Amino acid sequence: MRVVFDTSVLVAAVHSRRGASFALVSSIPAASFQLCLSVPLYLEWQEVLTRPEHLPPGRSAEDALAALRALAAFGHLQEIHYLWRPFLGDPDDDMVLELALAAGCRCIVTHNLRDFVGASQLGVEIVLPGEFLRLVSPA
């Protein structure tokens, strides 16, 4: 199953090793899902995760970039040849939805469910990290 992680999932993973976000990010590469990304989403990840407030103690922006490169190495890079904008309220969220549609993703995993209201009309399920973890974890 293909999936997109909204930036909020990576931010949560950086801030806590106890949550579902960290468990999901740490599981990559995973047999049960394939992470999809686009150049614009990857650039957003870089911009957000190198901010001082998102750097773990003792880590630098270069460390964050190295971790993102490692994560991206296991992802499916999807080109996007069409735009659905505007569909959602925020162009950054539209970018995530466009990626999910272009890559044939079943889910967008995010902590910001309200940002993606209406995406289900296009066949993309919006789920919290914990819900997605339960979906892909063996029972």
# chains A, B, ... in the order shown; residues from 1 in each chain; ligands from 1
>>> residues_around(residues="A:Asp6", least_positions_apart="3", cutoff="8 Å", atoms="only C-alpha atoms", output="list in words")
Val9, Leu10, Val96, Ile108, Val109, Thr110 and His111 of chain A
>>> residues_around(residues="A:Leu88", least_positions_apart="6", cutoff="8 Å", atoms="only C-alpha atoms", output="list in words")
Asp94, Asp115, Phe116, Val117, Gly118 and Ala119 of chain A
>>> closest_residue(among="A:Val39, A:Leu122, A:Leu133, A:Ala13", to="A:Phe87", atoms="only C-alpha atoms")
A:Leu122
>>> closest_residue(among="A:Leu68, A:Met1, A:Val48, A:Val14", to="A:Cys36", atoms="only C-alpha atoms")
A:Met1
>>> select_by_dssp(residues="stretch 8-129 of chain A", states="strand (DSSP E or B)", output="JSON, numbers by chain")
{"A": [34, 35, 36, 37, 76, 77, 107, 108, 109, 125, 126, 127]}
>>> select_by_dssp(residues="stretch 16-113 of chain A", states="alpha helix (DSSP H)", output="compact mmCIF listing (two decimals) with all heavy atoms, in the first residue's frame")
# COMPACT_ATOMS: atom_id res chain seq x y z
N ALA A 20 3.23 6.94 17.87
CA ALA A 20 3.01 6.20 16.63
C ALA A 20 3.81 6.80 15.48
O ALA A 20 4.27 6.06 14.60
CB ALA A 20 1.52 6.19 16.30
N SER A 21 3.99 8.10 15.47
CA SER A 21 4.75 8.74 14.39
C SER A 21 6.18 8.20 14.35
O SER A 21 6.69 7.84 13.29
CB SER A 21 4.76 10.26 14.55
OG SER A 21 3.47 10.77 14.40
N PHE A 22 6.82 8.13 15.50
CA PHE A 22 8.18 7.61 15.56
C PHE A 22 8.21 6.14 15.14
O PHE A 22 9.09 5.71 14.40
CB PHE A 22 8.78 7.77 16.96
CG PHE A 22 10.21 7.31 17.05
CD1 PHE A 22 11.23 8.14 16.63
CD2 PHE A 22 10.53 6.05 17.53
CE1 PHE A 22 12.56 7.72 16.69
CE2 PHE A 22 11.84 5.63 17.59
CZ PHE A 22 12.86 6.46 17.17
N ALA A 23 7.23 5.37 15.59
CA ALA A 23 7.17 3.95 15.22
C ALA A 23 7.04 3.79 13.71
O ALA A 23 7.70 2.93 13.11
CB ALA A 23 6.00 3.27 15.93
N LEU A 24 6.21 4.62 13.08
CA LEU A 24 6.05 4.52 11.63
C LEU A 24 7.31 4.91 10.88
O LEU A 24 7.76 4.20 9.98
CB LEU A 24 4.88 5.40 11.17
CG LEU A 24 3.49 4.89 11.49
CD1 LEU A 24 2.45 5.96 11.17
CD2 LEU A 24 3.21 3.61 10.74
N VAL A 25 7.88 6.04 11.24
CA VAL A 25 9.09 6.51 10.56
C VAL A 25 10.22 5.51 10.76
O VAL A 25 10.97 5.20 9.82
CB VAL A 25 9.48 7.93 11.03
CG1 VAL A 25 10.83 8.33 10.49
CG2 VAL A 25 8.40 8.94 10.62
N SER A 26 10.33 4.96 11.95
CA SER A 26 11.39 3.99 12.25
C SER A 26 11.20 2.66 11.52
O SER A 26 12.16 1.91 11.38
CB SER A 26 11.44 3.73 13.76
OG SER A 26 11.76 4.90 14.44
N VAL A 39 9.21 16.09 -4.89
CA VAL A 39 10.24 17.09 -4.62
C VAL A 39 9.69 18.21 -3.74
O VAL A 39 10.32 18.59 -2.74
CB VAL A 39 10.86 17.62 -5.93
CG1 VAL A 39 11.76 18.81 -5.66
CG2 VAL A 39 11.63 16.51 -6.64
N PRO A 40 8.49 18.76 -4.03
CA PRO A 40 7.99 19.83 -3.15
C PRO A 40 7.78 19.37 -1.70
O PRO A 40 8.09 20.11 -0.77
CB PRO A 40 6.66 20.23 -3.79
CG PRO A 40 6.80 19.85 -5.22
CD PRO A 40 7.64 18.60 -5.22
N LEU A 41 7.28 18.15 -1.49
CA LEU A 41 7.09 17.67 -0.11
C LEU A 41 8.45 17.48 0.57
O LEU A 41 8.62 17.87 1.73
CB LEU A 41 6.29 16.37 -0.08
CG LEU A 41 6.03 15.81 1.32
CD1 LEU A 41 5.26 16.80 2.19
CD2 LEU A 41 5.29 14.48 1.23
N TYR A 42 9.40 16.92 -0.14
CA TYR A 42 10.73 16.73 0.44
C TYR A 42 11.35 18.08 0.82
O TYR A 42 11.96 18.21 1.90
CB TYR A 42 11.62 15.97 -0.55
CG TYR A 42 12.98 15.64 -0.01
CD1 TYR A 42 13.15 14.66 0.96
CD2 TYR A 42 14.11 16.31 -0.47
CE1 TYR A 42 14.40 14.35 1.45
CE2 TYR A 42 15.37 16.00 0.02
CZ TYR A 42 15.52 15.02 0.98
OH TYR A 42 16.76 14.72 1.47
N LEU A 43 11.18 19.08 -0.01
CA LEU A 43 11.70 20.41 0.31
C LEU A 43 11.01 20.98 1.55
O LEU A 43 11.66 21.63 2.39
CB LEU A 43 11.54 21.36 -0.88
CG LEU A 43 12.43 21.03 -2.09
CD1 LEU A 43 12.07 21.93 -3.28
CD2 LEU A 43 13.90 21.14 -1.75
N GLU A 44 9.71 20.73 1.69
CA GLU A 44 9.01 21.18 2.90
C GLU A 44 9.55 20.45 4.12
O GLU A 44 9.78 21.08 5.16
CB GLU A 44 7.51 20.94 2.77
CG GLU A 44 6.74 21.39 4.02
CD GLU A 44 5.26 21.17 3.91
OE1 GLU A 44 4.59 22.04 3.32
OE2 GLU A 44 4.78 20.12 4.40
N TRP A 45 9.75 19.14 4.01
CA TRP A 45 10.34 18.40 5.13
C TRP A 45 11.67 19.02 5.53
O TRP A 45 11.92 19.21 6.72
CB TRP A 45 10.57 16.94 4.75
CG TRP A 45 9.38 16.07 4.60
CD1 TRP A 45 8.06 16.38 4.84
CD2 TRP A 45 9.38 14.71 4.17
NE1 TRP A 45 7.27 15.30 4.58
CE2 TRP A 45 8.04 14.26 4.18
CE3 TRP A 45 10.38 13.84 3.78
CZ2 TRP A 45 7.69 12.96 3.81
CZ3 TRP A 45 10.03 12.55 3.41
CH2 TRP A 45 8.70 12.12 3.44
N GLN A 46 12.52 19.32 4.55
CA GLN A 46 13.82 19.92 4.86
C GLN A 46 13.67 21.26 5.57
O GLN A 46 14.35 21.52 6.56
CB GLN A 46 14.62 20.12 3.58
CG GLN A 46 15.15 18.85 2.97
CD GLN A 46 15.95 19.14 1.71
OE1 GLN A 46 15.62 20.02 0.93
NE2 GLN A 46 17.01 18.37 1.52
N GLU A 47 12.81 22.10 5.05
CA GLU A 47 12.63 23.44 5.61
C GLU A 47 12.13 23.37 7.05
O GLU A 47 12.63 24.06 7.93
CB GLU A 47 11.67 24.25 4.72
CG GLU A 47 11.61 25.73 5.04
CD GLU A 47 10.63 26.06 6.15
OE1 GLU A 47 9.55 25.45 6.19
OE2 GLU A 47 10.96 26.92 6.98
N VAL A 48 11.17 22.53 7.30
CA VAL A 48 10.56 22.45 8.63
C VAL A 48 11.47 21.73 9.63
O VAL A 48 11.67 22.21 10.75
CB VAL A 48 9.18 21.76 8.56
CG1 VAL A 48 8.62 21.47 9.95
CG2 VAL A 48 8.20 22.62 7.75
N LEU A 49 12.04 20.62 9.23
CA LEU A 49 12.81 19.80 10.19
C LEU A 49 14.19 20.35 10.50
O LEU A 49 14.85 19.86 11.41
CB LEU A 49 12.87 18.36 9.70
CG LEU A 49 11.50 17.68 9.74
CD1 LEU A 49 11.53 16.36 9.01
CD2 LEU A 49 11.02 17.51 11.16
N ALA A 61 21.27 20.93 11.92
CA ALA A 61 20.47 20.91 10.69
C ALA A 61 21.05 19.89 9.71
O ALA A 61 20.30 19.19 9.02
CB ALA A 61 20.43 22.29 10.06
N GLU A 62 22.36 19.76 9.69
CA GLU A 62 22.99 18.77 8.81
C GLU A 62 22.59 17.35 9.20
O GLU A 62 22.40 16.49 8.35
CB GLU A 62 24.52 18.92 8.83
CG GLU A 62 25.02 20.20 8.18
CD GLU A 62 24.81 21.46 9.05
OE1 GLU A 62 24.74 21.34 10.31
OE2 GLU A 62 24.69 22.54 8.48
N ASP A 63 22.45 17.09 10.51
CA ASP A 63 21.99 15.78 10.98
C ASP A 63 20.57 15.51 10.50
O ASP A 63 20.25 14.40 10.06
CB ASP A 63 22.03 15.70 12.51
CG ASP A 63 23.43 15.78 13.08
OD1 ASP A 63 24.39 15.34 12.42
OD2 ASP A 63 23.56 16.32 14.22
N ALA A 64 19.72 16.53 10.58
CA ALA A 64 18.34 16.38 10.13
C ALA A 64 18.30 16.10 8.64
O ALA A 64 17.53 15.23 8.18
CB ALA A 64 17.54 17.64 10.47
N LEU A 65 19.10 16.79 7.87
CA LEU A 65 19.13 16.57 6.42
C LEU A 65 19.63 15.17 6.08
O LEU A 65 19.10 14.51 5.17
CB LEU A 65 20.00 17.63 5.74
CG LEU A 65 19.44 19.05 5.78
CD1 LEU A 65 20.45 20.04 5.22
CD2 LEU A 65 18.12 19.14 5.05
N ALA A 66 20.60 14.68 6.82
CA ALA A 66 21.10 13.32 6.59
C ALA A 66 20.01 12.29 6.88
O ALA A 66 19.85 11.32 6.13
CB ALA A 66 22.34 13.06 7.45
N ALA A 67 19.27 12.50 7.94
CA ALA A 67 18.18 11.58 8.28
C ALA A 67 17.09 11.61 7.20
O ALA A 67 16.55 10.57 6.83
CB ALA A 67 17.59 11.95 9.64
N LEU A 68 16.80 12.79 6.68
CA LEU A 68 15.80 12.90 5.62
C LEU A 68 16.27 12.23 4.34
O LEU A 68 15.48 11.59 3.64
CB LEU A 68 15.44 14.37 5.36
CG LEU A 68 14.60 15.02 6.44
CD1 LEU A 68 14.47 16.52 6.16
CD2 LEU A 68 13.24 14.36 6.54
N ARG A 69 17.54 12.36 4.02
CA ARG A 69 18.09 11.67 2.84
C ARG A 69 17.95 10.16 2.98
O ARG A 69 17.58 9.46 2.04
CB ARG A 69 19.55 12.06 2.60
CG ARG A 69 19.72 13.41 1.94
CD ARG A 69 21.15 13.64 1.47
NE ARG A 69 22.13 13.61 2.54
CZ ARG A 69 22.45 14.65 3.31
NH1 ARG A 69 21.86 15.82 3.12
NH2 ARG A 69 23.36 14.53 4.26
N ALA A 70 18.23 9.66 4.17
CA ALA A 70 18.11 8.22 4.42
C ALA A 70 16.65 7.78 4.28
O ALA A 70 16.36 6.75 3.66
CB ALA A 70 18.64 7.88 5.81
N LEU A 71 15.73 8.55 4.82
CA LEU A 71 14.31 8.23 4.71
C LEU A 71 13.86 8.28 3.25
O LEU A 71 13.18 7.37 2.76
CB LEU A 71 13.50 9.23 5.54
CG LEU A 71 12.00 9.02 5.60
CD1 LEU A 71 11.66 7.70 6.27
CD2 LEU A 71 11.36 10.18 6.36
N ALA A 72 14.28 9.30 2.54
CA ALA A 72 13.88 9.46 1.14
C ALA A 72 14.43 8.34 0.26
O ALA A 72 13.81 7.97 -0.74
CB ALA A 72 14.33 10.82 0.61
N ALA A 73 15.57 7.78 0.63
CA ALA A 73 16.16 6.70 -0.16
C ALA A 73 15.24 5.49 -0.26
O ALA A 73 15.32 4.72 -1.21
CB ALA A 73 17.51 6.30 0.43
N PRO A 91 -2.41 25.78 0.28
CA PRO A 91 -1.65 25.24 -0.85
C PRO A 91 -0.66 24.14 -0.45
O PRO A 91 -0.42 23.21 -1.23
CB PRO A 91 -0.91 26.46 -1.41
CG PRO A 91 -1.67 27.63 -0.92
CD PRO A 91 -2.29 27.24 0.38
N ASP A 92 -0.09 24.21 0.76
CA ASP A 92 0.82 23.16 1.20
C ASP A 92 0.08 21.83 1.40
O ASP A 92 0.63 20.76 1.14
CB ASP A 92 1.54 23.56 2.48
CG ASP A 92 2.58 24.64 2.26
OD1 ASP A 92 3.06 24.79 1.10
OD2 ASP A 92 2.91 25.36 3.21
N ASP A 93 -1.15 21.90 1.84
CA ASP A 93 -1.96 20.69 1.98
C ASP A 93 -2.40 20.18 0.61
O ASP A 93 -2.44 18.96 0.38
CB ASP A 93 -3.17 20.94 2.88
CG ASP A 93 -2.75 21.32 4.29
OD1 ASP A 93 -1.71 20.81 4.77
OD2 ASP A 93 -3.46 22.13 4.92
N ASP A 94 -2.70 21.08 -0.31
CA ASP A 94 -3.01 20.68 -1.68
C ASP A 94 -1.85 19.91 -2.29
O ASP A 94 -2.05 18.91 -2.99
CB ASP A 94 -3.30 21.90 -2.56
CG ASP A 94 -4.74 22.37 -2.48
OD1 ASP A 94 -5.64 21.54 -2.28
OD2 ASP A 94 -4.97 23.59 -2.66
N MET A 95 -0.63 20.34 -2.00
CA MET A 95 0.56 19.67 -2.51
C MET A 95 0.62 18.22 -2.03
O MET A 95 0.96 17.31 -2.80
CB MET A 95 1.81 20.43 -2.05
CG MET A 95 3.10 19.71 -2.25
SD MET A 95 4.50 20.53 -1.44
CE MET A 95 4.07 20.40 0.28
N VAL A 96 0.27 17.99 -0.78
CA VAL A 96 0.28 16.64 -0.21
C VAL A 96 -0.82 15.79 -0.86
O VAL A 96 -0.60 14.64 -1.23
CB VAL A 96 0.12 16.69 1.32
CG1 VAL A 96 -0.02 15.29 1.91
CG2 VAL A 96 1.30 17.43 1.95
N LEU A 97 -1.99 16.37 -1.02
CA LEU A 97 -3.11 15.67 -1.66
C LEU A 97 -2.79 15.33 -3.11
O LEU A 97 -3.06 14.22 -3.58
CB LEU A 97 -4.39 16.49 -1.56
CG LEU A 97 -5.64 15.90 -2.21
CD1 LEU A 97 -5.98 14.53 -1.61
CD2 LEU A 97 -6.80 16.87 -2.07
N GLU A 98 -2.20 16.26 -3.83
CA GLU A 98 -1.81 16.00 -5.23
C GLU A 98 -0.83 14.84 -5.32
O GLU A 98 -0.94 13.99 -6.21
CB GLU A 98 -1.21 17.26 -5.85
CG GLU A 98 -2.23 18.32 -6.11
CD GLU A 98 -1.64 19.69 -6.39
OE1 GLU A 98 -0.41 19.89 -6.25
OE2 GLU A 98 -2.43 20.58 -6.74
N LEU A 99 0.11 14.78 -4.40
CA LEU A 99 1.05 13.67 -4.37
C LEU A 99 0.31 12.35 -4.15
O LEU A 99 0.55 11.36 -4.85
CB LEU A 99 2.10 13.89 -3.28
CG LEU A 99 2.98 12.69 -2.92
CD1 LEU A 99 3.73 12.15 -4.13
CD2 LEU A 99 3.92 13.06 -1.80
N ALA A 100 -0.58 12.33 -3.19
CA ALA A 100 -1.32 11.11 -2.89
C ALA A 100 -2.12 10.64 -4.11
O ALA A 100 -2.13 9.45 -4.44
CB ALA A 100 -2.25 11.33 -1.71
N LEU A 101 -2.74 11.56 -4.81
CA LEU A 101 -3.52 11.20 -5.99
C LEU A 101 -2.62 10.71 -7.12
O LEU A 101 -2.90 9.68 -7.75
CB LEU A 101 -4.35 12.40 -6.46
CG LEU A 101 -5.48 12.80 -5.52
CD1 LEU A 101 -6.04 14.16 -5.91
CD2 LEU A 101 -6.57 11.74 -5.50
N ALA A 102 -1.53 11.41 -7.37
CA ALA A 102 -0.63 11.02 -8.46
C ALA A 102 0.02 9.67 -8.21
O ALA A 102 0.25 8.90 -9.15
CB ALA A 102 0.45 12.10 -8.66
N ALA A 103 0.31 9.36 -6.94
CA ALA A 103 1.00 8.11 -6.61
C ALA A 103 0.04 6.95 -6.35
O ALA A 103 0.47 5.84 -6.11
CB ALA A 103 1.89 8.33 -5.39
>>> atom_distance(atom1="atom CA of A:His76", atom2="atom CA of A:Gln34")
7.0 Å
>>> closest_residue(among="A:Val11, A:Cys105, A:Leu37, A:Ala31", to="A:Ile126", atoms="only C-alpha atoms")
A:Cys105
>>> closest_residue(among="A:Val127, A:Leu113, A:Val3, A:Val136", to="A:Leu35", atoms="only C-alpha atoms")
A:Val3
>>> closest_residue(among="A:Arg2, A:His81, A:Val124, A:Arg114", to="A:Ala30", atoms="only C-alpha atoms")
A:Arg2
